[in-house]
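Next up, input.txt (compact mmCIF, C-alpha atoms):
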```
# COMPACT_ATOMS: atom_id res chain seq x y z
CA MET A 181 35.10 -289.62 131.73
CA ALA A 182 32.62 -292.49 131.33
CA VAL A 183 32.31 -291.67 127.61
CA TRP A 184 36.07 -291.93 127.16
CA PHE A 185 36.24 -295.35 128.81
CA TRP A 186 33.33 -296.62 126.71
CA ARG A 187 35.25 -295.55 123.64
CA HIS A 188 38.46 -296.97 125.07
CA HIS A 189 36.87 -300.41 125.32
CA ASN A 190 36.17 -300.32 121.59
CA PHE A 191 39.67 -298.97 120.89
CA ILE A 192 41.20 -301.92 122.78
CA ALA A 193 38.98 -304.39 120.92
CA GLU A 194 40.11 -302.92 117.59
CA GLN A 195 43.78 -303.27 118.54
CA LEU A 196 43.27 -306.86 119.68
CA ALA A 197 41.44 -307.70 116.46
CA LYS A 198 44.42 -306.50 114.42
CA ILE A 199 46.83 -308.65 116.43
CA ASN A 200 44.57 -311.70 116.65
CA PRO A 201 42.44 -311.67 113.47
CA CYS A 202 40.78 -315.03 114.18
CA TRP A 203 39.37 -314.12 117.60
CA ASP A 204 35.58 -314.08 117.66
CA ASP A 205 33.52 -311.17 118.97
CA ASN A 206 33.00 -312.77 122.36
CA THR A 207 36.73 -313.23 122.97
CA LEU A 208 37.47 -309.70 121.80
CA PHE A 209 34.75 -308.23 124.01
CA ASN A 210 35.74 -310.06 127.19
CA THR A 211 39.47 -309.49 126.78
CA ALA A 212 38.94 -305.81 125.98
CA ARG A 213 36.68 -305.46 129.01
CA ASP A 214 39.27 -307.12 131.25
CA ILE A 215 42.01 -304.78 130.02
CA ASN A 216 39.80 -301.69 130.19
CA ILE A 217 38.83 -302.38 133.81
CA ALA A 218 42.49 -302.88 134.73
CA VAL A 219 43.47 -299.65 132.95
CA ALA A 220 40.74 -297.68 134.75
CA ILE A 221 41.88 -298.99 138.16
CA GLN A 222 45.54 -298.39 137.31
CA ILE A 223 44.81 -294.75 136.46
CA TYR A 224 42.55 -294.17 139.47
CA PHE A 225 44.90 -295.77 142.00
CA TYR A 226 48.33 -294.90 140.63
CA GLU A 227 47.74 -291.58 138.86
CA LEU A 228 44.80 -289.74 140.44
CA LEU A 229 44.73 -290.83 144.10
CA PRO A 230 48.41 -289.97 144.81
CA LEU A 231 47.76 -286.36 143.83
CA PHE A 232 45.25 -286.00 146.68
CA LEU A 233 46.33 -288.59 149.23
CA GLY A 234 50.10 -288.65 148.63
CA ARG A 235 52.01 -291.48 146.93
CA ASP A 236 54.26 -292.22 149.92
CA ASN A 237 51.25 -292.41 152.20
CA LEU A 238 49.47 -294.85 149.89
CA VAL A 239 52.50 -297.11 149.51
CA ARG A 240 53.00 -297.14 153.28
CA ASP A 241 49.38 -298.08 153.93
CA GLY A 242 49.16 -300.81 151.30
CA VAL A 243 47.01 -299.10 148.69
CA LEU A 244 49.79 -298.91 146.09
CA SER A 245 52.45 -301.45 145.27
CA SER A 246 56.05 -300.27 145.38
CA SER A 247 57.02 -302.65 142.54
CA PHE A 248 55.95 -303.11 138.92
CA GLY A 249 55.38 -306.84 139.34
CA TYR A 250 52.52 -308.89 140.71
CA ARG A 251 50.79 -308.15 143.99
CA ASP A 252 49.06 -311.14 145.59
CA ALA A 253 47.17 -309.67 148.51
CA TYR A 254 43.90 -311.63 148.31
CA ASN A 255 42.53 -312.65 151.70
CA PRO A 256 39.38 -314.81 151.60
CA GLU A 257 38.69 -313.90 155.23
CA ILE A 258 38.02 -310.25 154.30
CA LEU A 259 34.47 -309.59 153.15
CA PRO A 260 34.13 -307.75 149.80
CA GLN A 261 31.85 -305.01 151.06
CA VAL A 262 31.67 -301.22 150.96
CA SER A 263 31.31 -299.19 154.14
CA LEU A 264 28.59 -296.54 154.20
CA GLU A 265 31.21 -294.04 155.30
CA TYR A 266 33.28 -294.42 152.12
CA PRO A 267 30.86 -292.96 149.54
CA PHE A 268 29.63 -290.49 152.13
CA VAL A 269 32.99 -288.89 152.98
CA LEU A 270 33.72 -288.54 149.25
CA ARG A 271 31.20 -285.71 149.39
CA TRP A 272 34.03 -283.67 150.90
CA LEU A 273 35.19 -283.36 147.28
CA HIS A 274 32.33 -280.90 146.69
CA SER A 275 34.63 -278.38 148.38
CA VAL A 276 37.28 -278.74 145.64
CA GLN A 277 34.89 -278.73 142.67
CA GLU A 278 35.01 -275.68 140.44
CA GLY A 279 31.62 -274.13 139.71
CA THR A 280 32.28 -273.18 136.10
CA LEU A 281 33.28 -275.36 133.17
CA LYS A 282 35.92 -273.61 131.07
CA MET A 283 36.28 -274.45 127.40
CA TYR A 284 39.37 -274.17 125.19
CA ASP A 285 40.25 -274.77 121.57
CA THR A 286 42.87 -277.30 120.47
CA LYS A 287 45.63 -274.68 120.78
CA GLY A 288 44.75 -273.92 124.39
CA TYR A 289 43.03 -270.59 123.79
CA TYR A 290 40.20 -269.87 126.22
CA LEU A 291 36.82 -269.66 124.49
CA LYS A 292 34.00 -269.54 127.04
CA GLN A 293 32.68 -270.93 130.28
CA TYR A 294 29.43 -272.42 131.49
CA PRO A 295 28.04 -273.15 134.97
CA ILE A 296 28.50 -276.86 135.67
CA VAL A 297 25.23 -277.03 137.62
CA ASN A 298 23.29 -276.05 134.49
CA LEU A 299 24.54 -279.17 132.73
CA THR A 300 22.89 -281.62 135.11
CA LEU A 301 21.08 -284.19 132.93
CA ARG A 302 21.84 -282.12 129.79
CA THR A 303 23.96 -284.48 127.72
CA GLY A 304 22.64 -282.86 124.54
CA PHE A 305 24.87 -279.87 125.33
CA PHE A 306 27.85 -281.89 124.07
CA ASP A 307 26.46 -281.96 120.53
CA VAL A 308 26.05 -278.19 120.25
CA ASP A 309 28.75 -275.99 118.63
CA ASN A 310 31.54 -278.56 119.09
CA ASN A 311 31.17 -278.28 122.86
CA ILE A 312 32.43 -281.85 123.36
CA ASP A 313 35.74 -280.78 121.75
CA TYR A 314 36.01 -277.68 123.92
CA ILE A 315 35.04 -279.50 127.13
CA THR A 316 37.61 -282.22 126.43
CA GLN A 317 40.33 -279.60 126.06
CA GLY A 318 39.20 -277.95 129.29
CA ALA A 319 39.36 -281.31 131.08
CA PHE A 320 43.17 -281.17 131.06
CA ARG A 321 43.69 -277.41 131.00
CA GLN A 322 41.36 -276.16 133.77
CA GLY A 323 42.39 -276.59 137.39
CA SER A 324 40.21 -277.58 140.34
CA ALA A 325 39.03 -275.15 142.99
CA ASN A 326 41.39 -274.33 145.86
CA ILE A 327 41.52 -276.67 148.84
CA ASP A 328 40.77 -274.00 151.41
CA HIS A 329 37.80 -275.12 153.58
CA THR A 330 35.33 -273.29 151.30
CA ALA A 331 33.08 -274.34 148.41
CA ASP A 332 32.10 -272.62 145.18
CA PRO A 333 28.79 -270.71 145.63
CA ASP A 334 27.25 -272.31 142.54
CA ILE A 335 28.08 -275.82 143.73
CA VAL A 336 26.64 -275.05 147.16
CA ASP A 337 23.56 -272.99 146.34
CA ILE A 338 22.42 -274.35 142.96
CA GLY A 339 23.55 -277.97 143.11
CA LEU A 340 21.03 -279.25 140.55
CA GLY A 341 20.83 -276.18 138.34
CA PRO A 342 17.45 -275.67 136.64
CA HIS A 343 16.06 -278.85 138.22
CA GLN A 344 16.14 -277.38 141.73
CA ARG A 345 16.44 -273.62 141.92
CA ALA A 346 17.46 -273.55 145.58
CA SER A 347 19.69 -276.29 146.94
CA ASP A 348 22.16 -275.90 149.78
CA LEU A 349 24.42 -278.82 148.93
CA MET A 350 26.50 -278.65 152.09
CA THR A 351 23.40 -278.67 154.27
CA ASN A 352 22.13 -281.65 152.29
CA ASP A 353 25.43 -283.43 152.98
CA ILE A 354 25.08 -282.82 156.72
CA SER A 355 21.50 -284.10 156.54
CA LYS A 356 22.75 -287.32 154.93
CA ASN A 357 25.29 -287.56 157.75
CA ARG A 358 22.40 -287.68 160.25
CA TYR A 359 20.09 -289.73 158.03
CA PHE A 360 22.58 -292.61 158.00
CA GLY A 361 23.10 -292.30 161.72
CA PHE A 362 26.87 -292.03 161.59
CA GLN A 363 28.75 -291.81 164.87
CA PRO A 364 30.05 -288.36 165.91
CA TYR A 365 33.29 -287.11 164.39
CA VAL A 366 35.25 -287.76 167.59
CA LYS A 367 34.44 -291.49 167.43
CA TYR A 368 35.88 -291.78 163.93
CA HIS A 369 38.93 -289.80 164.96
CA GLU A 370 39.45 -292.26 167.81
CA PHE A 371 38.96 -295.22 165.44
CA CYS A 372 41.52 -293.83 163.00
CA PHE A 373 44.16 -292.44 165.33
CA GLY A 374 43.52 -293.95 168.76
CA LYS A 375 43.12 -290.56 170.38
CA THR A 376 40.10 -289.93 172.60
CA ILE A 377 38.60 -286.44 172.33
CA LYS A 378 36.56 -285.37 175.35
CA LYS A 379 36.80 -281.58 175.22
CA TRP A 380 37.28 -278.88 172.62
CA GLY A 381 40.89 -278.33 173.64
CA ASP A 382 41.70 -281.90 172.58
CA LEU A 383 41.19 -280.81 168.96
CA GLU A 384 44.20 -278.48 169.02
CA GLY A 385 46.70 -279.57 166.41
CA VAL A 386 43.95 -281.30 164.44
CA ILE A 387 41.79 -278.25 163.65
CA ASP A 388 42.88 -274.62 163.56
CA PRO A 389 41.93 -272.62 166.72
CA GLU A 390 39.65 -270.18 164.90
CA ARG A 391 37.64 -273.05 163.44
CA ILE A 392 37.39 -274.76 166.81
CA GLU A 393 35.75 -271.58 168.10
CA ILE A 394 33.21 -271.66 165.26
CA LEU A 395 32.41 -275.29 166.07
CA ARG A 396 31.90 -274.42 169.75
CA ASP A 397 29.24 -271.91 168.69
CA LEU A 398 27.46 -274.54 166.60
CA TYR A 399 27.64 -277.59 168.86
CA GLU A 400 26.86 -277.76 172.56
CA ASP A 401 29.40 -280.53 173.14
CA VAL A 402 32.43 -281.73 171.17
CA GLU A 403 30.87 -285.21 171.00
CA ASP A 404 27.87 -283.77 169.14
CA MET A 405 29.96 -282.77 166.12
CA ASP A 406 28.91 -284.38 162.83
CA LEU A 407 31.47 -286.52 161.01
CA LEU A 408 31.48 -284.37 157.88
CA ALA A 409 31.63 -281.10 159.85
CA GLY A 410 34.86 -282.26 161.47
CA ILE A 411 36.33 -283.42 158.17
CA TRP A 412 35.54 -280.07 156.54
CA VAL A 413 37.73 -278.16 158.96
CA GLU A 414 40.60 -280.57 159.66
CA ARG A 415 44.13 -279.63 158.68
CA ARG A 416 45.58 -281.48 155.69
CA ILE A 417 47.55 -284.69 156.09
CA LYS A 418 51.32 -284.65 155.72
CA GLY A 419 52.31 -285.38 152.14
CA GLY A 420 48.78 -284.90 150.77
CA PHE A 421 45.90 -282.46 150.40
CA VAL A 422 43.02 -284.18 152.19
CA PRO A 423 41.82 -284.17 155.83
CA PRO A 424 43.26 -287.00 157.98
CA THR A 425 39.92 -288.62 158.88
CA PHE A 426 38.85 -288.50 155.23
CA TYR A 427 42.14 -290.19 154.33
CA CYS A 428 41.67 -292.86 156.99
CA LEU A 429 38.14 -293.85 155.93
CA VAL A 430 38.94 -293.80 152.21
CA VAL A 431 42.15 -295.83 152.59
CA GLU A 432 40.39 -298.40 154.79
CA GLN A 433 37.96 -299.03 151.93
CA LEU A 434 40.60 -299.02 149.20
CA VAL A 435 42.68 -301.64 151.01
CA ARG A 436 39.54 -303.72 151.54
CA ASN A 437 38.79 -303.49 147.82
CA ILE A 438 42.21 -304.93 147.03
CA VAL A 439 42.51 -307.73 149.57
CA SER A 440 38.90 -308.96 149.23
CA ASP A 441 38.92 -309.09 145.41
CA ARG A 442 39.89 -312.50 144.03
CA HIS A 443 39.97 -310.93 140.57
CA TRP A 444 42.21 -307.95 141.43
CA TYR A 445 44.11 -307.09 138.26
CA GLU A 446 47.60 -307.11 139.86
CA SER A 447 47.26 -310.65 141.18
CA SER A 448 49.07 -313.59 139.61
CA GLU A 449 46.60 -316.00 141.21
CA ARG A 450 43.34 -314.64 139.81
CA PRO A 451 41.46 -316.60 137.14
CA ASN A 452 42.84 -315.71 133.68
CA ALA A 453 45.56 -313.59 135.26
CA PHE A 454 47.55 -311.17 133.13
CA SER A 455 51.02 -312.32 132.22
CA LEU A 456 53.84 -310.26 133.73
CA GLN A 457 54.45 -308.66 130.33
CA GLN A 458 50.77 -307.72 130.05
CA LEU A 459 50.79 -306.23 133.55
CA PHE A 460 53.86 -304.17 132.64
CA GLU A 461 51.95 -302.78 129.65
CA ILE A 462 48.89 -301.93 131.77
CA ARG A 463 51.14 -300.00 134.14
CA LYS A 464 51.95 -297.66 131.22
CA ALA A 465 48.31 -296.50 131.17
CA SER A 466 47.58 -292.83 131.78
CA ILE A 467 44.64 -290.51 131.35
CA ALA A 468 46.74 -288.54 128.86
CA ARG A 469 47.14 -291.62 126.65
CA ILE A 470 43.43 -292.39 126.80
CA LEU A 471 42.56 -288.84 125.73
CA CYS A 472 45.04 -289.09 122.89
CA ASP A 473 43.53 -292.39 121.73
CA VAL A 474 39.80 -291.76 122.05
CA ALA A 475 38.97 -288.15 122.96
CA ASP A 476 37.81 -285.56 120.45
CA LYS A 477 40.57 -283.74 118.57
CA VAL A 478 43.30 -284.27 121.16
CA THR A 479 46.64 -284.27 119.34
CA GLU A 480 48.78 -282.82 122.13
CA ILE A 481 48.55 -282.95 125.92
CA GLN A 482 50.72 -282.79 129.04
CA PRO A 483 51.98 -286.24 130.23
CA GLN A 484 50.41 -285.82 133.68
CA ALA A 485 46.98 -284.76 132.51
CA PHE A 486 45.44 -284.58 136.00
CA LEU A 487 47.86 -281.70 136.64
CA ARG A 488 47.81 -278.42 134.77
CA PRO A 489 50.59 -277.81 132.23
CA HIS A 490 53.73 -276.22 133.69
CA SER A 491 57.49 -276.14 133.12
CA ARG A 492 57.95 -279.79 134.21
CA ASN A 493 54.68 -280.99 132.64
CA ARG A 494 54.71 -279.38 129.25
CA ILE A 495 52.16 -279.90 126.52
CA SER A 496 53.55 -282.57 124.18
CA ARG A 497 52.55 -284.32 120.98
CA CYS A 498 50.52 -287.50 121.55
CA GLU A 499 53.28 -289.46 119.82
CA ASN A 500 55.46 -288.75 122.87
CA ILE A 501 52.96 -290.12 125.42
CA PRO A 502 53.74 -293.76 126.37
CA SER A 503 51.17 -296.25 125.08
CA ILE A 504 50.22 -299.86 125.72
CA ASP A 505 51.76 -302.36 123.33
CA PHE A 506 48.92 -304.79 122.68
CA ALA A 507 51.38 -307.27 121.18
CA ALA A 508 51.61 -308.57 124.76
CA TRP A 509 48.19 -310.18 124.07
CA LYS A 510 49.29 -311.83 120.83
CA ASP A 511 47.74 -315.28 120.48
CA PHE A 512 50.29 -317.32 118.52
CA LYS A 513 47.91 -320.24 118.06
CA CYS A 514 45.41 -317.87 116.51
CA ASN A 515 48.03 -316.52 114.12
CA GLU A 516 49.16 -320.03 113.14
CA GLN A 517 45.53 -320.88 112.34
CA TYR A 518 45.10 -317.65 110.34
CA THR A 519 48.29 -318.35 108.34
CA TRP A 520 47.11 -321.90 107.60
CA GLN A 521 43.79 -320.55 106.32
CA LEU A 522 45.52 -318.09 104.01
CA VAL A 523 47.81 -320.79 102.58
CA ASN A 524 44.91 -323.12 101.90
CA GLU A 525 42.76 -320.49 100.24
```
Encoded form (structure tokens):
Amino acid sequence: MAVWFWRHHNFIAEQLAKINPCWDDNTLFNTARDINIAVAIQIYFYELLPLFLGRDNLVRDGVLSSSFGYRDAYNPEILPQVSLEYPFVLRWLHSVQEGTLKMYDTKGYYLKQYPIVNLTLRTGFFDVDNNIDYITQGAFRQGSANIDHTADPDIVDIGLGPHQRASDLMTNDISKNRYFGFQPYVKYHEFCFGKTIKKWGDLEGVIDPERIEILRDLYEDVEDMDLLAGIWVERRIKGGFVPPTFYCLVVEQLVRNIVSDRHWYESSERPNAFSLQQLFEIRKASIARILCDVADKVTEIQPQAFLRPHSRNRISRCENIPSIDFAAWKDFKCNEQYTWQLVNE
């Protein structure tokens, strides 16, 4: 995905240069960067996160705005910092990562697959046999692994492929849990939901009974349970597909990101703020549109590209995918100057 956003920056700069032909390279670069960052956040917050955490949940808890206009949530009293728990609990996503990378041609026909772990540090693989084209097609055609409290054997046992022949990724994650000295799972559950857990029976309704029994065999006391171990076995949240404590710790950080950022892209008060028209255009952004604009040989794609194609998300020509109208960034002074130059030449 990083490659696509690098390309997208240049794509934006090209569009701006067409609209404002007298802008210098520095202006083009900085404006394109500003737009590209906003587009990336828009897609991450408004398109990807709701699929896991639930849109209604995120609106209720202040992560997403319920309107298309400005959102001025900056609070100078909130420190712009990242909790250690946030990047750590994201390791839960190892359990929904597919172990094989499936490749397709531009018509959606399956071609081959390759173990993801064998691609660690092997960027040269993209240049072989049009693999970058096939991988790009697979990016919006292949689904994730099931969310079922298990992890793909390749992801777990061979996490670094040829660079580390034996690697129990889940055990490594638990080791990191203890290395950072995180509080036990029950303390985070109390922080998130205000419920004190003193005995195994207090977990009923949070974790399925059969998994509570497994935990009892592994831990002498319920207060010994590692944070990640509890998250692994929690039931999903209502309206989403993630464990409740995972949701709590992630959302706490996401809200902090918004309210502590003086330059948050939705704010009308930030330096060099987007106009309302420009913000409306940024809200059109989607991963499908980015793939259409900058990915390799993508001419058709489903509108919701983070979801697999189905009857209500059919593969469509790129011309039918909404796109940003960069005319919202038209600099009329620049165009007056350019016209004057042409007349006087």
Who sits within 12 Å of Asp404 of chain A, all atoms listed in the file, same chain under 6 positions skipped, as a ChimeraX atom specification | /A:358,362-367,377-380,395-398,410
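Shortest separation to Ala485 of chain A among A:Ser355, A:Asp334, A:Leu228, A:Glu432 occurs at residue A:Leu228, atoms counted being all atoms listed in the file.
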Mind pulling up the distance from atom CA of Asp241 of chain A to atom CA of Asp388 of chain A?
-> 26.2 Å
Distance of atom CA of Gln293 of chain A from atom CA of Ser496 of chain A, expressed in Å to one decimal place | 24.7 Å
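Between atom CA of Gly242 of chain A and atom CA of Leu487 of chain A lies a distance of 24.1 Å.
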Surrounding residues of Leu459 of chain A excluding itself and chain neighbours under 3 positions, 9 Å, all atoms listed in the file, as a PyMOL selection string | chain A and resi 248-250+445-446+454-456+462-464
Keeping C-alpha atoms for every residue in the selection just given, could you write it to a file as a short mmCIF file (atom, residue, chain, number, x, y, z; two decimals), in the coordinates of the input?
```cif
data_model
loop_
_atom_site.label_atom_id
_atom_site.label_comp_id
_atom_site.auth_asym_id
_atom_site.auth_seq_id
_atom_site.Cartn_x
_atom_site.Cartn_y
_atom_site.Cartn_z
CA PHE A 248 55.95 -303.11 138.92
CA GLY A 249 55.38 -306.84 139.34
CA TYR A 250 52.52 -308.89 140.71
CA TYR A 445 44.11 -307.09 138.26
CA GLU A 446 47.60 -307.11 139.86
CA PHE A 454 47.55 -311.17 133.13
CA SER A 455 51.02 -312.32 132.22
CA LEU A 456 53.84 -310.26 133.73
CA ILE A 462 48.89 -301.93 131.77
CA ARG A 463 51.14 -300.00 134.14
CA LYS A 464 51.95 -297.66 131.22
#
```
Within 9 Å of segment 209-211 of chain A using all atoms listed in the file, minus same-chain residues under 5 positions, as number ranges by chain = A: 189-190, 192-193, 196, 204, 216
